[in-house]
Structure formats: structure tokens, C-alpha cells
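S.K.: Right, I'll just put the structure down here and ask away after.
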Amino acid sequence: MPKTINTPSRRRADHGRGPAWRPVEHDHVGPRRADLTTAPVLPRRVLRERDRAEQLASLEVASPDRRDWEARLQGVGHGQRNLESPSLTMLVLLATIGVLLYASFLLRPENSGDLLPWLIVIGCESVMMGQVLISLWTQLSSTHNPRDFTFNEASRNLFVPVDWDLNAPLATDQMQLDGVPVTVDVFITTYGEPVETIRATATAARSVRGKHETWILDDGRSPEVEALAAELGVHYLTRPDNLGAKAGNINHALSRTTGDYFVILDADFVPSPDLLVETIPFFAQEKVAFVQTPQVYGNIHNFITRGAGYLQTVFYSLIQPGKNRFNSAFCVGTNVVFSREAIAEIGGMYTRSKSEDVWTSMKLHELGWRSVYIPDVLAVGDTPETIEAYTKQQTRWATGAFEILFQANPLANRRLSVDQRLQYFGTAGFYLGGLVTFALLLLPPLQIFLDLTPIATDLPLWEWALYYSGFYLMQIVVATYTIGSFRWETLLLSTVSFPMYIRAMANALLGRDRAWHVTGRAGQAASPFNYIVPQMLMFLALVVTSVVGFWKAEWSSTITIALLWNTANAAALAVFLGIAVREASALRRAQRPTPPAHVAAPARVA
């Protein structure tokens, strides 16, 4: 972490302004008798400024940057229904009732089976129910609109049109808050991503409306990236080491820059021209530390991207909007605008964890700073496309969450409000679902091999199915209604991701430091089978269990729920392994050397 973060004081409204910051002079006109027979005549100055604004709006709509952004948005799936819909409220309440009814079903003594599997079910479902109740509670608060009167006034007066030059780039329009000029730095963090990926992001960032400085923060120290920065006319900044990973990179940049606010963009997230227009006005509100926007992906084209992308869509459409109500919306590392003053107060971005975003958010909330989340799509990036990238991303995210859970138990954090404690606890405990999945995978083998059942054997199947679907199916219904669709890939990924979360918990408990990995980093990819050994072993175990189960079923002429459940789990892992086989085949084809082109011998001249 740098020793010094430059924190320029806010300039007063009546000092240090250039000609572009002359306030609009009001025409002092004496009282006149109202003429009700004719329309009011607007002052020439007002007409002139209105005409300028209309011309500027038409130019902006027709600009190449705007057309490029609209084209990039094509096919991006981030639609959601009206969160204020009474139907959504009803579905959330029904889902909550379903959770409570399922809990009562499991705890009835007459429904319990053998002690060991029953305790496993009670422990696992208690974790899941706690997570679901916090999630549903948050979703009920998702109608909160952070755009208040202060925001609207700041947005209306964000630009002073006195000296607008219609021929000047939109990126040169000076912004202000409360009549005071503001300066903004846009940071693009890079660490080995392809140059063309960085080019797309830097080109769009350079053209974002509102005067700002664009910086490429290159922790990969690439001569190609440095040449790209020079070509695009943006700043290039590197450092001699990679201490603190991404957070250290940002802190180093803060020690070299002076903007009142700074934007963080990952190298693959291309910003909208409206990024600053839609976020900077929030800082007119009192003690706003950062404004977060969603992560939306434009590369949804295979199993991994569909599953991972849909899971993020649910989070950004349902969970983050609700966190606004409790002042607990947290930074996700990119597509975010920070106040330099707020970050300086906590000594810079948090560097002792690879999940610097959540830790930094919590430190700010502890000091009374506010956060804002808006669901507007203001940047489009890439989600992991391969098993390797997905595994590394999930392990890093889960490790950071478990570090918060074990090292800074949010429930015991007196510097947070009660609402914030519950919200951060829900965030930190989300990846406990991986351990739950692993434990539930063991239940069918317990019954098939040892005849141990979690539920009473004389319980009617329909009764168990009714309560079980009331708990799990209603969650799918809520997500489907809100997003407008549902991806089976998300369920399958959730089933096979348990080794990543178990490994992440071990990292957090043992204090193991994991190497920093970025999504979409250039370089030779490794075989997906290097990352899914636990899934392969679990698949073999479940196949053996199913074989034994079918043998017992033939002998007893009875097919049990455990056998069907175990076979379904094995099938899910088989699908995932099939995807790994396909990915490995594509990787081998891509790495196969291209034979040299045949060169025809020159014709002999007679």
C-alpha cells in the first residue's frame, strides 16, 4: 500500500475557475404585467442554451461511440421485470412460507429417520434456509430507488453549457457538483490480458462523456500495452512489483494521480459513454463512498459462460438492489466509481486479501460511509469461458468470502449496523453452499450401502416432494419471474463446484495465499482435467454406488429415492465431465501446429 494517497481539497465555488466555469448570469428584469393573450417569451440566453443542448443531444446519439455501445449491448441478457410488481412481492412471500414449512417438516420427530443422515440433512438445510431467508428478505427491499432529489438536481446541473463547443469531444465536457468543478481518473487494471481486449476498453473509456483522465495500470509491464497507451493517447502507469495484486496496483495509481473521483475497470469491461453521467451525481449526496454498477457479460456462448453468467444476473438483479436499503451494497471490483476522500480515510484499497473489493466496502461502511448500487448496464465484459478460468475465479471469490467469515465475523462487528451485519454475513456465508452440496452427495450412498435414511421410510413420497419443492422450486420460480428465464447450467455448475469452495475454505483457515488470476488472461491454457480431479473421483464413486443400488433394487424389487437421487447426481457430473472432454479436444486442436503452406515450384522458362 502506498504511503501517500493524494487527496486534493475540494475547490470553493468562487475560486480557481476558468472561463468555462462562469456561472450562468441571470437577466435582471423588472416586474412586468402578465399578458395572458400571448405565450411567454423566453430570454434569448435561455433559447440559445436550449438550442445548444438539443444540438448536443442529437450529436451524441449519432456519435460512433454511441453506436458502438448500442451494438455491444445487442444480445446481452440482463433483462428484469419491475421489482415493484405486486406479483413479485407475492412470490417472495410464498417462497418464504415454503422455507418455513419445509423447516417444520424436517423438525417433526415422526418424520426423522436414522440419526446420522438426519443430522446431516438438518445441518445442511439449516445453512441453506438461512441463506435463502436473508436473500428473500433482501429481495423484498429491492424496490428502493437511490435516485433522490439531490441526485436529480446534481444530474440536471452536472454540465454548465455556457461554453459548450459542439465540435469538441464529449469527453472534454467539464463536470461539477454543487457548482464546484470535479476531476475524475479512469483506471483500467491489466495483468496479461490480450492487447486487443485492452484496446477495446481503453478506446471506450477515453470517449466516456465528462472530462476525465484515462489510465492503463499495467501490472504485466508489457511493452505492447505501453505502445497501445501511446497510440490511444492515454496515460500508462506501471510499478516495479506486484505487491497487493490488483488493490496494490490501484493504490500505486492513487499515489500518482489527483482526481476527486476514480473509476475502476477490469481490462475486459468496455464502458458505456454514460458511465460518468449516471454515477457522478450520486456523490452530491452526503458521504457516498462509491457507486457500483452491475457486471454484465457479452460472451454468453457456451456451457460455462451461460451458467456463470446467469448466476451473476440473479445476484445483480435481485440481491444488490435490495442491499441499497440497508447501506450494504458492496464493490465487486470493476464498473465502480470511488470517492478519493473516502478511500484515503481507510488508508487505501484493502490489500491483505485477493477479494479487496468486499473488504474495502466493509471498511468504508464501518466508518459510516454510504454505498450506492444502480442496476443500469454501464459496462459489458467477459465471464469465464473455460473450466480453468471458472475454477480460478470461484476459488478466489470464495477464499475472500471465507476470510471475512473467519477473520472478521460480520455478526460480531459492532461498527456495522444490525442490518449490515446480517447482509455481510449472508455474503460471506454464501459459499458454504459448496460444503452443503458435498455433504448431500453423501446421503444416497449412506442409504444404499448402510441402509441409513434421513427421513422416515414410511413417509409418503408425495408429502416429502410437496415440502421439498415448496422450498427449492419456489426459489427457481422467483428467479425465473424476475429475470424472465432460467438456466439449467446454473444448477449443474452449483452441483459440481463443491471442490472449489472446500479448497477456498481450507485456504482461508490455513492462511494460504493464492496466486492472482484474472479472467481472460492471455497465455497457453491448461487441460481442464487438471482442475477437476475431485469431480472425477466423485463421479466414479457415484457410478459404483448406482451399480450397487440397481443390483439391490433388482434383488428387492424396489427402487428407492436414494437410488434415483444418486443416479441424477452421477448424471450431472457425467455432463460436466463431457464438457471437459469437449473443451480438452478443442484445446488440443488449437495447440496443434499448423502445417507449412505448400509453395509451388516456379515454372521453368523455356
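Please note that chains go A, B, ... in the order of the C-alpha cells, that every chain numbers its residues from 1, and that ligands are numbered from 1 in the order shown.
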Out of segment 66-142 of chain A, which residues get alpha helix (DSSP H) from DSSP, as a count of residues only?
M.R.: 56
S.K.: Env of Ser142 of chain A: 12 Å cut, atoms = only C-alpha atoms, seq-sep filter 3 positions within chain, self excluded. Answer as a tab-separated table (two decimals) with N, CA and C atoms, in the first residue's frame.
M.R.:
```tsv
chain	number	residue	atom	x	y	z
A	81	ARG	N	-37.81	-7.86	-14.65
A	81	ARG	CA	-39.14	-7.30	-14.55
A	81	ARG	C	-39.14	-6.17	-13.52
A	82	ASN	N	-40.27	-5.48	-13.45
A	82	ASN	CA	-40.43	-4.40	-12.49
A	82	ASN	C	-40.35	-4.96	-11.07
A	83	LEU	N	-39.35	-4.52	-10.32
A	83	LEU	CA	-39.16	-5.04	-8.97
A	83	LEU	C	-40.25	-4.56	-8.02
A	84	GLU	N	-41.04	-3.57	-8.43
A	84	GLU	CA	-42.14	-3.09	-7.60
A	84	GLU	C	-43.44	-3.82	-7.88
A	85	SER	N	-43.40	-4.84	-8.72
A	85	SER	CA	-44.60	-5.57	-9.07
A	85	SER	C	-45.17	-6.30	-7.85
A	88	LEU	N	-44.32	-10.02	-7.83
A	88	LEU	CA	-43.03	-10.42	-7.29
A	88	LEU	C	-43.07	-10.47	-5.77
A	89	THR	N	-43.70	-9.49	-5.15
A	89	THR	CA	-43.81	-9.50	-3.69
A	89	THR	C	-44.55	-10.74	-3.22
A	92	VAL	N	-42.25	-13.80	-3.50
A	92	VAL	CA	-41.24	-13.81	-2.44
A	92	VAL	C	-41.86	-14.26	-1.12
A	135	SER	N	-31.65	-13.88	1.65
A	135	SER	CA	-31.82	-13.48	0.25
A	135	SER	C	-33.23	-12.96	-0.02
A	136	LEU	N	-34.24	-13.66	0.48
A	136	LEU	CA	-35.62	-13.23	0.25
A	136	LEU	C	-35.90	-11.91	0.95
A	137	TRP	N	-35.37	-11.76	2.15
A	137	TRP	CA	-35.52	-10.50	2.89
A	137	TRP	C	-34.91	-9.35	2.10
A	138	THR	N	-33.74	-9.61	1.50
A	138	THR	CA	-33.08	-8.59	0.69
A	138	THR	C	-33.90	-8.27	-0.56
A	139	GLN	N	-34.45	-9.32	-1.18
A	139	GLN	CA	-35.23	-9.11	-2.40
A	139	GLN	C	-36.47	-8.27	-2.13
A	145	ASN	N	-35.23	3.04	-4.48
A	145	ASN	CA	-34.63	3.81	-5.57
A	145	ASN	C	-33.64	4.82	-4.98
A	146	PRO	N	-32.35	4.67	-5.28
A	146	PRO	CA	-31.36	5.58	-4.70
A	146	PRO	C	-31.33	6.96	-5.34
A	315	PHE	N	-27.83	-12.33	-9.07
A	315	PHE	CA	-27.27	-11.52	-7.99
A	315	PHE	C	-27.46	-10.03	-8.25
A	316	TYR	N	-27.14	-9.59	-9.47
A	316	TYR	CA	-27.20	-8.16	-9.77
A	316	TYR	C	-28.63	-7.66	-9.99
A	317	SER	N	-29.56	-8.56	-10.28
A	317	SER	CA	-30.93	-8.13	-10.49
A	317	SER	C	-31.78	-8.18	-9.22
A	318	LEU	N	-31.45	-9.10	-8.31
A	318	LEU	CA	-32.28	-9.30	-7.12
A	318	LEU	C	-31.60	-8.89	-5.82
A	319	ILE	N	-30.34	-9.25	-5.67
A	319	ILE	CA	-29.68	-9.10	-4.36
A	319	ILE	C	-29.08	-7.71	-4.19
A	320	GLN	N	-28.24	-7.28	-5.11
A	320	GLN	CA	-27.60	-5.97	-4.95
A	320	GLN	C	-28.60	-4.82	-4.85
A	321	PRO	N	-29.69	-4.77	-5.63
A	321	PRO	CA	-30.64	-3.67	-5.46
A	321	PRO	C	-31.23	-3.61	-4.05
A	322	GLY	N	-31.48	-4.79	-3.45
A	322	GLY	CA	-32.02	-4.81	-2.10
A	322	GLY	C	-31.04	-4.33	-1.05
A	323	LYS	N	-29.74	-4.51	-1.31
A	323	LYS	CA	-28.74	-4.10	-0.33
A	323	LYS	C	-28.67	-2.58	-0.19
A	324	ASN	N	-29.17	-1.84	-1.18
A	324	ASN	CA	-29.22	-0.39	-1.06
A	324	ASN	C	-30.00	0.05	0.17
A	325	ARG	N	-31.09	-0.66	0.45
A	325	ARG	CA	-31.95	-0.29	1.57
A	325	ARG	C	-31.20	-0.35	2.90
A	326	PHE	N	-30.22	-1.24	3.00
A	326	PHE	CA	-29.50	-1.45	4.26
A	326	PHE	C	-28.11	-0.83	4.24
A	329	ALA	N	-24.69	-2.47	-0.02
A	329	ALA	CA	-24.24	-2.84	-1.37
A	329	ALA	C	-22.72	-2.75	-1.40
A	373	TYR	N	-25.85	1.25	-5.24
A	373	TYR	CA	-25.84	0.33	-6.37
A	373	TYR	C	-26.97	0.73	-7.32
A	374	ILE	N	-26.65	0.80	-8.61
A	374	ILE	CA	-27.68	1.05	-9.62
A	374	ILE	C	-27.62	-0.09	-10.63
A	375	PRO	N	-28.78	-0.60	-11.07
A	375	PRO	CA	-28.79	-1.75	-11.97
A	375	PRO	C	-28.57	-1.41	-13.44
A	482	THR	N	-38.34	-12.95	-12.18
A	482	THR	CA	-37.61	-11.68	-12.17
A	482	THR	C	-36.74	-11.52	-13.41
```
S.K.: Considering only C-alpha atoms, state which residue in the set A:Phe486, A:Ala586, A:Leu140, A:His212 is at the smallest distance from Thr172 of chain A.
M.R.: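 Nearest candidate to Thr172 of chain A out of A:Phe486, A:Ala586, A:Leu140, A:His212: A:His212.
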S.K.: For segment 385-401 of chain A, work out the shell of residues within 9 Å, counting only C-alpha atoms and skipping chain neighbours fewer than 6 positions away, then give it as a VMD selection string.
M.R.: chain A and resid 299 to 305 308 353 to 356 358 to 359 427 to 432 497 500 to 508 514 516 to 521 525 to 532 579 to 580 583
S.K.: So that I have them on file, write out the residues from the current selection with N, CA and C atoms, as a compact mmCIF listing (two decimals), in the first residue's frame.
M.R.:
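So out.txt came out as:
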```
# COMPACT_ATOMS: atom_id res chain seq x y z
N ASN A 299 -20.18 -12.42 -23.69
CA ASN A 299 -19.62 -13.63 -24.31
C ASN A 299 -20.38 -14.88 -23.86
N ILE A 300 -21.71 -14.78 -23.77
CA ILE A 300 -22.52 -15.92 -23.33
C ILE A 300 -22.73 -16.85 -24.53
N HIS A 301 -21.85 -17.85 -24.67
CA HIS A 301 -21.93 -18.69 -25.87
C HIS A 301 -21.62 -20.16 -25.61
N ASN A 302 -21.29 -20.54 -24.36
CA ASN A 302 -21.07 -21.95 -24.09
C ASN A 302 -21.60 -22.30 -22.69
N PHE A 303 -21.41 -23.54 -22.28
CA PHE A 303 -21.97 -24.01 -21.02
C PHE A 303 -21.48 -23.19 -19.84
N ILE A 304 -20.17 -22.99 -19.75
CA ILE A 304 -19.59 -22.28 -18.60
C ILE A 304 -20.08 -20.84 -18.57
N THR A 305 -20.07 -20.16 -19.70
CA THR A 305 -20.48 -18.75 -19.70
C THR A 305 -21.96 -18.60 -19.39
N ALA A 308 -22.36 -19.49 -15.41
CA ALA A 308 -21.77 -18.47 -14.56
C ALA A 308 -22.44 -17.12 -14.78
N SER A 353 -6.08 -9.20 1.10
CA SER A 353 -6.94 -10.27 0.60
C SER A 353 -7.07 -10.11 -0.90
N LYS A 354 -7.25 -11.24 -1.60
CA LYS A 354 -7.49 -11.17 -3.04
C LYS A 354 -8.89 -10.66 -3.34
N SER A 355 -9.79 -10.68 -2.36
CA SER A 355 -11.12 -10.10 -2.52
C SER A 355 -11.12 -8.71 -1.90
N GLU A 356 -10.27 -7.85 -2.47
CA GLU A 356 -10.11 -6.50 -1.94
C GLU A 356 -11.40 -5.69 -2.02
N VAL A 358 -14.75 -6.54 -1.50
CA VAL A 358 -15.68 -6.68 -0.39
C VAL A 358 -15.06 -6.13 0.90
N TRP A 359 -13.78 -6.43 1.13
CA TRP A 359 -13.11 -5.93 2.33
C TRP A 359 -13.11 -4.41 2.34
N THR A 427 -23.40 -12.57 2.71
CA THR A 427 -22.42 -12.55 1.62
C THR A 427 -21.24 -13.48 1.91
N ALA A 428 -20.71 -13.39 3.14
CA ALA A 428 -19.53 -14.20 3.49
C ALA A 428 -19.88 -15.69 3.57
N GLY A 429 -21.12 -16.01 3.93
CA GLY A 429 -21.50 -17.41 4.08
C GLY A 429 -22.08 -18.04 2.84
N PHE A 430 -22.14 -17.29 1.74
CA PHE A 430 -22.76 -17.82 0.53
C PHE A 430 -22.08 -19.10 0.06
N TYR A 431 -20.75 -19.13 0.14
CA TYR A 431 -20.02 -20.27 -0.42
C TYR A 431 -20.02 -21.49 0.50
N LEU A 432 -20.65 -21.38 1.67
CA LEU A 432 -20.88 -22.58 2.47
C LEU A 432 -21.76 -23.57 1.72
N SER A 497 -19.38 -27.59 -8.28
CA SER A 497 -18.38 -26.60 -7.84
C SER A 497 -17.90 -26.82 -6.41
N MET A 500 -14.10 -26.51 -5.35
CA MET A 500 -13.54 -25.16 -5.36
C MET A 500 -13.80 -24.47 -4.02
N TYR A 501 -15.00 -24.64 -3.48
CA TYR A 501 -15.36 -23.95 -2.25
C TYR A 501 -14.72 -24.62 -1.03
N ILE A 502 -14.56 -25.95 -1.07
CA ILE A 502 -13.85 -26.63 0.01
C ILE A 502 -12.39 -26.20 0.03
N ARG A 503 -11.78 -26.11 -1.15
CA ARG A 503 -10.40 -25.64 -1.25
C ARG A 503 -10.27 -24.20 -0.76
N ALA A 504 -11.24 -23.38 -1.09
CA ALA A 504 -11.22 -21.98 -0.66
C ALA A 504 -11.33 -21.88 0.86
N MET A 505 -12.18 -22.70 1.47
CA MET A 505 -12.29 -22.69 2.93
C MET A 505 -10.96 -23.10 3.57
N ALA A 506 -10.31 -24.11 2.99
CA ALA A 506 -9.00 -24.52 3.51
C ALA A 506 -7.98 -23.38 3.37
N ASN A 507 -8.01 -22.67 2.26
CA ASN A 507 -7.10 -21.53 2.07
C ASN A 507 -7.31 -20.49 3.16
N ALA A 508 -8.57 -20.18 3.46
CA ALA A 508 -8.87 -19.16 4.46
C ALA A 508 -8.48 -19.62 5.87
N ARG A 514 -3.08 -17.48 -2.37
CA ARG A 514 -3.25 -18.00 -3.72
C ARG A 514 -2.73 -16.99 -4.73
N TRP A 516 -2.52 -14.64 -7.93
CA TRP A 516 -3.57 -13.81 -8.53
C TRP A 516 -3.84 -14.26 -9.96
N HIS A 517 -5.11 -14.45 -10.28
CA HIS A 517 -5.51 -14.83 -11.64
C HIS A 517 -6.58 -13.87 -12.12
N VAL A 518 -6.53 -13.54 -13.39
CA VAL A 518 -7.54 -12.65 -13.96
C VAL A 518 -8.31 -13.40 -15.04
N THR A 519 -9.57 -13.00 -15.22
CA THR A 519 -10.40 -13.60 -16.25
C THR A 519 -9.91 -13.17 -17.62
N GLY A 520 -9.71 -14.15 -18.50
CA GLY A 520 -9.34 -13.82 -19.87
C GLY A 520 -7.88 -13.49 -20.07
N ARG A 521 -7.01 -13.89 -19.14
CA ARG A 521 -5.59 -13.57 -19.31
C ARG A 521 -5.01 -14.36 -20.48
N ALA A 525 -3.45 -22.20 -22.38
CA ALA A 525 -4.39 -22.78 -21.43
C ALA A 525 -3.97 -24.19 -21.06
N ALA A 526 -4.32 -24.60 -19.83
CA ALA A 526 -4.02 -25.94 -19.36
C ALA A 526 -5.23 -26.84 -19.57
N SER A 527 -5.01 -28.13 -19.51
CA SER A 527 -6.10 -29.09 -19.68
C SER A 527 -7.13 -28.90 -18.56
N PRO A 528 -8.41 -28.93 -18.88
CA PRO A 528 -9.42 -28.78 -17.84
C PRO A 528 -9.37 -29.89 -16.80
N PHE A 529 -8.86 -31.06 -17.17
CA PHE A 529 -8.80 -32.17 -16.23
C PHE A 529 -7.82 -31.93 -15.09
N ASN A 530 -6.92 -30.95 -15.27
CA ASN A 530 -6.01 -30.58 -14.17
C ASN A 530 -6.76 -29.96 -13.00
N TYR A 531 -7.99 -29.49 -13.24
CA TYR A 531 -8.72 -28.73 -12.23
C TYR A 531 -9.96 -29.46 -11.71
N ILE A 532 -10.24 -30.64 -12.22
CA ILE A 532 -11.48 -31.32 -11.82
C ILE A 532 -11.22 -32.75 -11.34
N ILE A 579 -18.36 -32.07 -20.88
CA ILE A 579 -17.97 -30.71 -21.29
C ILE A 579 -16.46 -30.56 -21.20
N ALA A 580 -15.85 -31.16 -20.16
CA ALA A 580 -14.40 -31.10 -20.03
C ALA A 580 -13.71 -31.83 -21.18
N GLU A 583 -13.94 -29.60 -24.16
CA GLU A 583 -13.02 -28.47 -24.03
C GLU A 583 -11.57 -28.91 -24.25
```
S.K.: What lies within 12 Å of Gly348 of chain A using only C-alpha atoms, ignoring chain neighbours under 2 positions off, as a VMD selection string?
M.R.: chain A and resid 1 to 7 244 247 to 255 338 to 346 350 to 352 356 to 357 359 to 361 363 to 364
S.K.: What is the distance, in Å and to one decimal place, between atom CA of Gly470 of chain A and atom CA of Ile448 of chain A?
M.R.: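 So the answer is 26.3 Å.
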S.K.: Would you mind telling me which residue in A:Ala590, A:Val380, A:Val186, A:Ile264 lies nearest to Gly333 of chain A when using only C-alpha atoms?
M.R.: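 Residue with the minimum atom-to-atom distance to Gly333 of chain A: A:Ile264.
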S.K.: Pick out the residues sitting within 12 Å of segment 194-201 of chain A, and hand them over as number ranges by chain; count only C-alpha atoms, and ignore anything fewer than 5 positions along from it in its own chain.
M.R.: A: 65, 68-69, 72, 186-189, 206-208, 214-218, 220, 222-234, 264-273, 335, 379-382, 518-523
S.K.: Restricting it to N, CA and C atoms, dump the selection as a short mmCIF file (atom, residue, chain, number, x, y, z; two decimals), in the first residue's frame.
M.R.:
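Contents of again.cif, as written:
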```cif
data_model
loop_
_atom_site.label_atom_id
_atom_site.label_comp_id
_atom_site.auth_asym_id
_atom_site.auth_seq_id
_atom_site.Cartn_x
_atom_site.Cartn_y
_atom_site.Cartn_z
N ASP A 65 -19.17 6.44 -30.98
CA ASP A 65 -19.04 5.78 -29.68
C ASP A 65 -20.39 5.25 -29.21
N ASP A 68 -21.32 2.21 -31.30
CA ASP A 68 -20.54 1.04 -30.88
C ASP A 68 -21.10 0.45 -29.60
N TRP A 69 -21.49 1.31 -28.67
CA TRP A 69 -22.02 0.83 -27.39
C TRP A 69 -23.36 0.12 -27.61
N ARG A 72 -22.73 -3.27 -28.92
CA ARG A 72 -22.18 -4.17 -27.90
C ARG A 72 -23.29 -4.69 -26.98
N VAL A 186 -9.97 7.56 -14.69
CA VAL A 186 -10.50 6.25 -15.06
C VAL A 186 -9.33 5.28 -15.11
N PHE A 187 -9.35 4.29 -14.20
CA PHE A 187 -8.27 3.31 -14.08
C PHE A 187 -8.69 2.01 -14.79
N ILE A 188 -7.85 1.54 -15.70
CA ILE A 188 -8.05 0.25 -16.35
C ILE A 188 -6.94 -0.67 -15.85
N THR A 189 -7.28 -1.65 -15.02
CA THR A 189 -6.27 -2.53 -14.44
C THR A 189 -6.01 -3.69 -15.39
N ARG A 206 -11.72 6.24 -22.99
CA ARG A 206 -11.23 7.55 -23.42
C ARG A 206 -12.37 8.44 -23.89
N SER A 207 -13.45 7.83 -24.42
CA SER A 207 -14.54 8.61 -25.01
C SER A 207 -15.74 8.77 -24.09
N VAL A 208 -15.65 8.30 -22.86
CA VAL A 208 -16.76 8.46 -21.93
C VAL A 208 -17.05 9.94 -21.74
N THR A 214 -7.73 9.11 -18.55
CA THR A 214 -7.77 7.65 -18.64
C THR A 214 -6.37 7.09 -18.40
N TRP A 215 -6.28 6.09 -17.53
CA TRP A 215 -5.00 5.49 -17.15
C TRP A 215 -5.07 3.97 -17.36
N ILE A 216 -4.05 3.43 -17.99
CA ILE A 216 -3.86 1.97 -18.04
C ILE A 216 -2.85 1.61 -16.96
N LEU A 217 -3.29 0.83 -15.98
CA LEU A 217 -2.43 0.41 -14.87
C LEU A 217 -1.95 -1.00 -15.18
N ASP A 218 -0.75 -1.11 -15.71
CA ASP A 218 -0.28 -2.38 -16.26
C ASP A 218 0.63 -3.11 -15.28
N GLY A 220 1.33 -6.14 -15.72
CA GLY A 220 2.07 -7.10 -16.54
C GLY A 220 3.32 -6.50 -17.16
N SER A 222 3.94 -4.74 -19.86
CA SER A 222 4.04 -5.20 -21.24
C SER A 222 4.42 -4.04 -22.16
N PRO A 223 5.47 -4.18 -22.97
CA PRO A 223 5.82 -3.13 -23.95
C PRO A 223 4.69 -2.92 -24.96
N GLU A 224 3.96 -4.00 -25.29
CA GLU A 224 2.86 -3.85 -26.25
C GLU A 224 1.74 -2.98 -25.66
N VAL A 225 1.45 -3.15 -24.38
CA VAL A 225 0.41 -2.34 -23.74
C VAL A 225 0.87 -0.89 -23.62
N GLU A 226 2.15 -0.69 -23.33
CA GLU A 226 2.67 0.67 -23.26
C GLU A 226 2.57 1.36 -24.62
N ALA A 227 2.88 0.62 -25.68
CA ALA A 227 2.75 1.19 -27.03
C ALA A 227 1.29 1.49 -27.35
N LEU A 228 0.39 0.64 -26.89
CA LEU A 228 -1.04 0.87 -27.11
C LEU A 228 -1.49 2.15 -26.43
N ALA A 229 -1.04 2.37 -25.20
CA ALA A 229 -1.41 3.59 -24.48
C ALA A 229 -0.92 4.83 -25.24
N ALA A 230 0.29 4.78 -25.75
CA ALA A 230 0.82 5.91 -26.51
C ALA A 230 0.00 6.13 -27.78
N GLU A 231 -0.39 5.03 -28.42
CA GLU A 231 -1.18 5.15 -29.65
C GLU A 231 -2.54 5.79 -29.38
N LEU A 232 -3.16 5.41 -28.28
CA LEU A 232 -4.50 5.92 -27.97
C LEU A 232 -4.47 7.27 -27.26
N GLY A 233 -3.31 7.69 -26.83
CA GLY A 233 -3.21 8.97 -26.15
C GLY A 233 -3.72 8.94 -24.72
N VAL A 234 -3.59 7.80 -24.05
CA VAL A 234 -3.98 7.69 -22.64
C VAL A 234 -2.73 7.48 -21.80
N ILE A 264 -12.85 2.29 -11.56
CA ILE A 264 -12.08 1.06 -11.73
C ILE A 264 -12.76 0.21 -12.79
N LEU A 265 -12.00 -0.15 -13.82
CA LEU A 265 -12.49 -1.03 -14.88
C LEU A 265 -11.50 -2.17 -15.06
N ASP A 266 -11.99 -3.40 -15.03
CA ASP A 266 -11.15 -4.50 -15.45
C ASP A 266 -10.88 -4.37 -16.95
N ALA A 267 -9.80 -5.00 -17.39
CA ALA A 267 -9.36 -4.80 -18.77
C ALA A 267 -10.38 -5.26 -19.80
N ASP A 268 -11.28 -6.16 -19.42
CA ASP A 268 -12.24 -6.69 -20.39
C ASP A 268 -13.61 -6.04 -20.30
N PHE A 269 -13.78 -5.01 -19.47
CA PHE A 269 -15.08 -4.38 -19.32
C PHE A 269 -15.11 -3.05 -20.08
N VAL A 270 -15.84 -3.05 -21.18
CA VAL A 270 -15.94 -1.87 -22.04
C VAL A 270 -17.05 -0.97 -21.50
N PRO A 271 -16.72 0.30 -21.16
CA PRO A 271 -17.72 1.17 -20.51
C PRO A 271 -18.66 1.84 -21.50
N SER A 272 -19.82 2.21 -20.98
CA SER A 272 -20.79 2.98 -21.74
C SER A 272 -20.35 4.44 -21.80
N PRO A 273 -20.76 5.18 -22.85
CA PRO A 273 -20.48 6.62 -22.87
C PRO A 273 -21.10 7.36 -21.70
N ASN A 335 -16.32 -1.70 -12.76
CA ASN A 335 -17.54 -0.94 -13.07
C ASN A 335 -18.00 -0.14 -11.86
N ALA A 379 -21.33 -1.06 -18.37
CA ALA A 379 -20.11 -1.69 -18.88
C ALA A 379 -20.44 -3.14 -19.22
N VAL A 380 -19.80 -3.66 -20.26
CA VAL A 380 -20.00 -5.03 -20.69
C VAL A 380 -18.64 -5.71 -20.76
N GLY A 381 -18.54 -6.88 -20.13
CA GLY A 381 -17.26 -7.58 -20.09
C GLY A 381 -17.39 -9.04 -20.45
N ASP A 382 -16.43 -9.83 -19.97
CA ASP A 382 -16.37 -11.26 -20.28
C ASP A 382 -16.44 -12.07 -18.99
N VAL A 518 -6.53 -13.54 -13.39
CA VAL A 518 -7.54 -12.65 -13.96
C VAL A 518 -8.31 -13.40 -15.04
N THR A 519 -9.57 -13.00 -15.22
CA THR A 519 -10.40 -13.60 -16.25
C THR A 519 -9.91 -13.17 -17.62
N GLY A 520 -9.71 -14.15 -18.50
CA GLY A 520 -9.34 -13.82 -19.87
C GLY A 520 -7.88 -13.49 -20.07
N ARG A 521 -7.01 -13.89 -19.14
CA ARG A 521 -5.59 -13.57 -19.31
C ARG A 521 -5.01 -14.36 -20.48
N ALA A 522 -4.16 -13.68 -21.23
CA ALA A 522 -3.54 -14.33 -22.38
C ALA A 522 -2.54 -15.38 -21.92
N GLY A 523 -2.30 -16.36 -22.75
CA GLY A 523 -1.33 -17.39 -22.41
C GLY A 523 -1.87 -18.76 -22.79
#
```
S.K.: Taking the chain letters and numbering used in this document, name the residues of segment 366-601 of chain A that DSSP puts in strand (DSSP E or B), as a PyMOL selection string.
M.R.: chain A and resi 370-373+379-381+455
